[in-house]
$ cat entry-v4.cif   # mmCIF, C-alpha atoms
data_work
loop_
_atom_site.group_PDB
_atom_site.id
_atom_site.type_symbol
_atom_site.label_atom_id
_atom_site.label_comp_id
_atom_site.auth_asym_id
_atom_site.auth_seq_id
_atom_site.Cartn_x
_atom_site.Cartn_y
_atom_site.Cartn_z
ATOM 1 C CA MET A 4 37.355 -18.939 21.878
ATOM 2 C CA ILE A 5 37.460 -15.710 19.940
ATOM 3 C CA PRO A 6 40.928 -14.145 19.701
ATOM 4 C CA GLY A 7 41.321 -10.826 21.468
ATOM 5 C CA GLY A 8 39.506 -11.631 24.702
ATOM 6 C CA GLY A 9 36.096 -12.484 23.252
ATOM 7 C CA GLN A 10 35.691 -9.373 21.107
ATOM 8 C CA PRO A 11 34.445 -9.934 17.559
ATOM 9 C CA ASN A 12 36.844 -9.158 14.759
ATOM 10 C CA MET A 13 35.688 -5.701 13.672
ATOM 11 C CA GLN A 14 37.401 -5.955 10.292
ATOM 12 C CA GLN A 15 35.600 -9.218 9.594
ATOM 13 C CA LEU A 16 32.259 -7.727 10.699
ATOM 14 C CA LEU A 17 32.792 -4.709 8.454
ATOM 15 C CA GLN A 18 33.624 -6.960 5.499
ATOM 16 C CA GLN A 19 30.480 -9.032 6.105
ATOM 17 C CA ALA A 20 28.358 -5.884 6.357
ATOM 18 C CA GLN A 21 29.880 -4.514 3.157
ATOM 19 C CA LYS A 22 29.214 -7.782 1.313
ATOM 20 C CA MET A 23 25.612 -7.814 2.540
ATOM 21 C CA GLN A 24 25.210 -4.209 1.407
ATOM 22 C CA GLN A 25 26.579 -5.106 -2.033
ATOM 23 C CA ASP A 26 24.288 -8.153 -2.224
ATOM 24 C CA LEU A 27 21.316 -5.981 -1.277
ATOM 25 C CA ALA A 28 22.181 -3.357 -3.901
ATOM 26 C CA ARG A 29 22.579 -6.080 -6.539
ATOM 27 C CA ALA A 30 19.214 -7.619 -5.590
ATOM 28 C CA GLN A 31 17.529 -4.196 -5.756
ATOM 29 C CA GLU A 32 19.010 -3.613 -9.229
ATOM 30 C CA GLU A 33 17.717 -7.008 -10.350
ATOM 31 C CA LEU A 34 14.267 -6.155 -9.004
ATOM 32 C CA ALA A 35 14.222 -2.842 -10.859
ATOM 33 C CA ALA A 36 15.110 -4.644 -14.108
ATOM 34 C CA THR A 37 12.713 -7.582 -13.696
ATOM 35 C CA GLU A 38 9.155 -7.224 -14.949
ATOM 36 C CA VAL A 39 6.150 -9.114 -13.591
ATOM 37 C CA GLU A 40 2.577 -9.134 -14.810
ATOM 38 C CA GLY A 41 -0.842 -9.077 -13.242
ATOM 39 C CA GLN A 42 -4.162 -9.456 -14.978
ATOM 40 C CA ALA A 43 -7.867 -9.080 -14.412
ATOM 41 C CA GLY A 44 -11.051 -10.002 -16.201
ATOM 42 C CA GLY A 45 -9.625 -13.282 -17.453
ATOM 43 C CA GLY A 46 -6.788 -11.449 -19.188
ATOM 44 C CA LEU A 47 -8.832 -8.560 -20.610
ATOM 45 C CA VAL A 48 -6.558 -6.138 -18.753
ATOM 46 C CA LYS A 49 -2.871 -6.833 -18.126
ATOM 47 C CA ALA A 50 -0.499 -4.666 -16.120
ATOM 48 C CA THR A 51 3.275 -4.964 -16.131
ATOM 49 C CA VAL A 52 5.341 -3.652 -13.230
ATOM 50 C CA THR A 53 8.979 -3.928 -12.271
ATOM 51 C CA GLY A 54 9.982 -6.031 -9.317
ATOM 52 C CA SER A 55 10.275 -2.788 -7.379
ATOM 53 C CA GLY A 56 6.654 -1.863 -8.190
ATOM 54 C CA GLU A 57 7.024 0.687 -11.007
ATOM 55 C CA LEU A 58 4.179 0.467 -13.541
ATOM 56 C CA ARG A 59 5.713 -0.152 -16.968
ATOM 57 C CA GLY A 60 2.829 -1.198 -19.167
ATOM 58 C CA LEU A 61 -0.908 -1.614 -19.433
ATOM 59 C CA VAL A 62 -2.681 -3.648 -22.116
ATOM 60 C CA ILE A 63 -6.447 -3.418 -22.493
ATOM 61 C CA ASP A 64 -8.253 -5.862 -24.754
ATOM 62 C CA PRO A 65 -10.779 -3.986 -26.948
ATOM 63 C CA GLU A 66 -13.491 -6.338 -25.634
ATOM 64 C CA ALA A 67 -13.051 -4.723 -22.210
ATOM 65 C CA VAL A 68 -13.957 -1.285 -23.574
ATOM 66 C CA ASP A 69 -17.639 -0.397 -23.230
ATOM 67 C CA PRO A 70 -18.261 3.350 -23.541
ATOM 68 C CA ASP A 71 -21.407 2.953 -21.448
ATOM 69 C CA ASP A 72 -19.567 1.186 -18.622
ATOM 70 C CA THR A 73 -16.241 2.831 -17.927
ATOM 71 C CA GLU A 74 -16.480 1.922 -14.227
ATOM 72 C CA THR A 75 -15.956 -1.762 -14.958
ATOM 73 C CA LEU A 76 -12.934 -0.969 -17.109
ATOM 74 C CA ALA A 77 -11.497 1.207 -14.338
ATOM 75 C CA ASP A 78 -12.068 -1.606 -11.832
ATOM 76 C CA LEU A 79 -10.288 -4.063 -14.135
ATOM 77 C CA VAL A 80 -7.319 -1.705 -14.501
ATOM 78 C CA VAL A 81 -7.057 -1.269 -10.731
ATOM 79 C CA ALA A 82 -7.336 -5.024 -10.169
ATOM 80 C CA ALA A 83 -4.660 -5.787 -12.785
ATOM 81 C CA VAL A 84 -2.250 -3.246 -11.289
ATOM 82 C CA GLN A 85 -2.893 -4.595 -7.789
ATOM 83 C CA ALA A 86 -2.257 -8.161 -8.992
ATOM 84 C CA ALA A 87 0.980 -7.084 -10.655
ATOM 85 C CA ASN A 88 2.092 -5.292 -7.482
ATOM 86 C CA GLU A 89 1.312 -8.392 -5.394
ATOM 87 C CA ASN A 90 3.506 -10.402 -7.768
ATOM 88 C CA ALA A 91 6.237 -7.763 -7.406
ATOM 89 C CA GLN A 92 6.033 -8.016 -3.606
ATOM 90 C CA GLN A 93 6.398 -11.793 -3.792
ATOM 91 C CA LEU A 94 9.454 -11.314 -5.987
ATOM 92 C CA GLN A 95 10.852 -8.793 -3.482
ATOM 93 C CA GLN A 96 10.447 -11.304 -0.677
ATOM 94 C CA GLN A 97 12.195 -13.995 -2.723
ATOM 95 C CA LYS A 98 15.109 -11.708 -3.594
ATOM 96 C CA LEU A 99 15.439 -9.614 -0.448
ATOM 97 C CA GLY A 100 14.013 -11.877 2.255
ATOM 98 C CA PRO A 101 17.178 -13.950 2.710
ATOM 99 C CA LEU A 102 19.239 -10.742 2.832
ATOM 100 C CA ALA A 103 16.942 -9.272 5.481
ATOM 101 C CA GLN A 104 17.299 -12.426 7.578
ATOM 102 C CA GLY A 105 21.059 -12.088 7.265
ATOM 103 C CA LEU A 106 20.743 -8.605 8.723
ATOM 104 C CA GLY A 107 19.183 -9.963 11.895
ATOM 105 C CA GLY A 108 15.772 -11.032 10.648
ATOM 106 C CA GLY A 109 14.135 -7.764 11.611
ATOM 107 C CA GLY A 110 13.442 -6.758 8.044
ATOM 108 C CA ILE A 111 14.638 -3.720 6.205
ATOM 109 C CA PRO A 112 12.913 -0.382 6.853
ATOM 110 C CA GLY A 113 10.742 0.634 3.940
ATOM 111 C CA LEU A 114 10.256 -2.908 2.661
ATOM 112 C CA PRO A 115 7.038 -4.854 3.190
ATOM 113 C CA PHE A 116 8.589 -7.651 5.283
#
$ encode --input "entry-v4.cif" --output "structure tokens"
Amino acid sequence: MIPGGGQPNMQQLLQQAQKMQQDLARAQEELAATEVEGQAGGGLVKATVTGSGELRGLVIDPEAVDPDDTETLADLVVAAVQAANENAQQLQQQKLGPLAQGLGGGGIPGLPF
């Protein structure tokens, strides 16, 4: 039986919420500092993004550059950035998913899960 006539301990609930908030902030900081990569064209174009999805770098192999076919290069860049962002989303789910479940499993507004 819960002391106090079945009412939850508000102090304990507040402490748990504060800890979860701190854990979430720490996980978000880790995501912002972690870089993941995506590539396209067998590695001809590589994009690096942070775990929070910020584009940090783009490497284009000279073999991917054809002045007569810039559309293919543009497609490779888009595909590499999309792959990097997919990897960032997977990282977000690994880092933030357990925290979201701890908050009731309903997900966190603004996050993709």
$ resolve_selection --input "entry-v4.cif" --expression "the PyMOL selection byres ((chain A and resi 93) around 12)" --output "MDAnalysis selection string"
chainID A and resid 34 39:40 53:56 86:92 94:100 114:116
$ atom_distance --input "entry-v4.cif" --atom1 "atom CA of A:Arg59" --atom2 "atom CA of A:Asp26"
25.0 Å
$ closest_residue --input "entry-v4.cif" --among "A:Gln85, A:Thr75, A:Ala43, A:Glu32" --to "A:Leu58" --atoms "all atoms listed in the file"
A:Gln85
$ closest_residue --input "entry-v4.cif" --among "A:Thr51, A:Gln14, A:Gln21, A:Gln42" --to "A:Ala83" --atoms "all atoms listed in the file"
A:Gln42
$ atom_distance --input "entry-v4.cif" --atom1 "atom CA of A:Ala50" --atom2 "atom CA of A:Val62"
6.5 Å
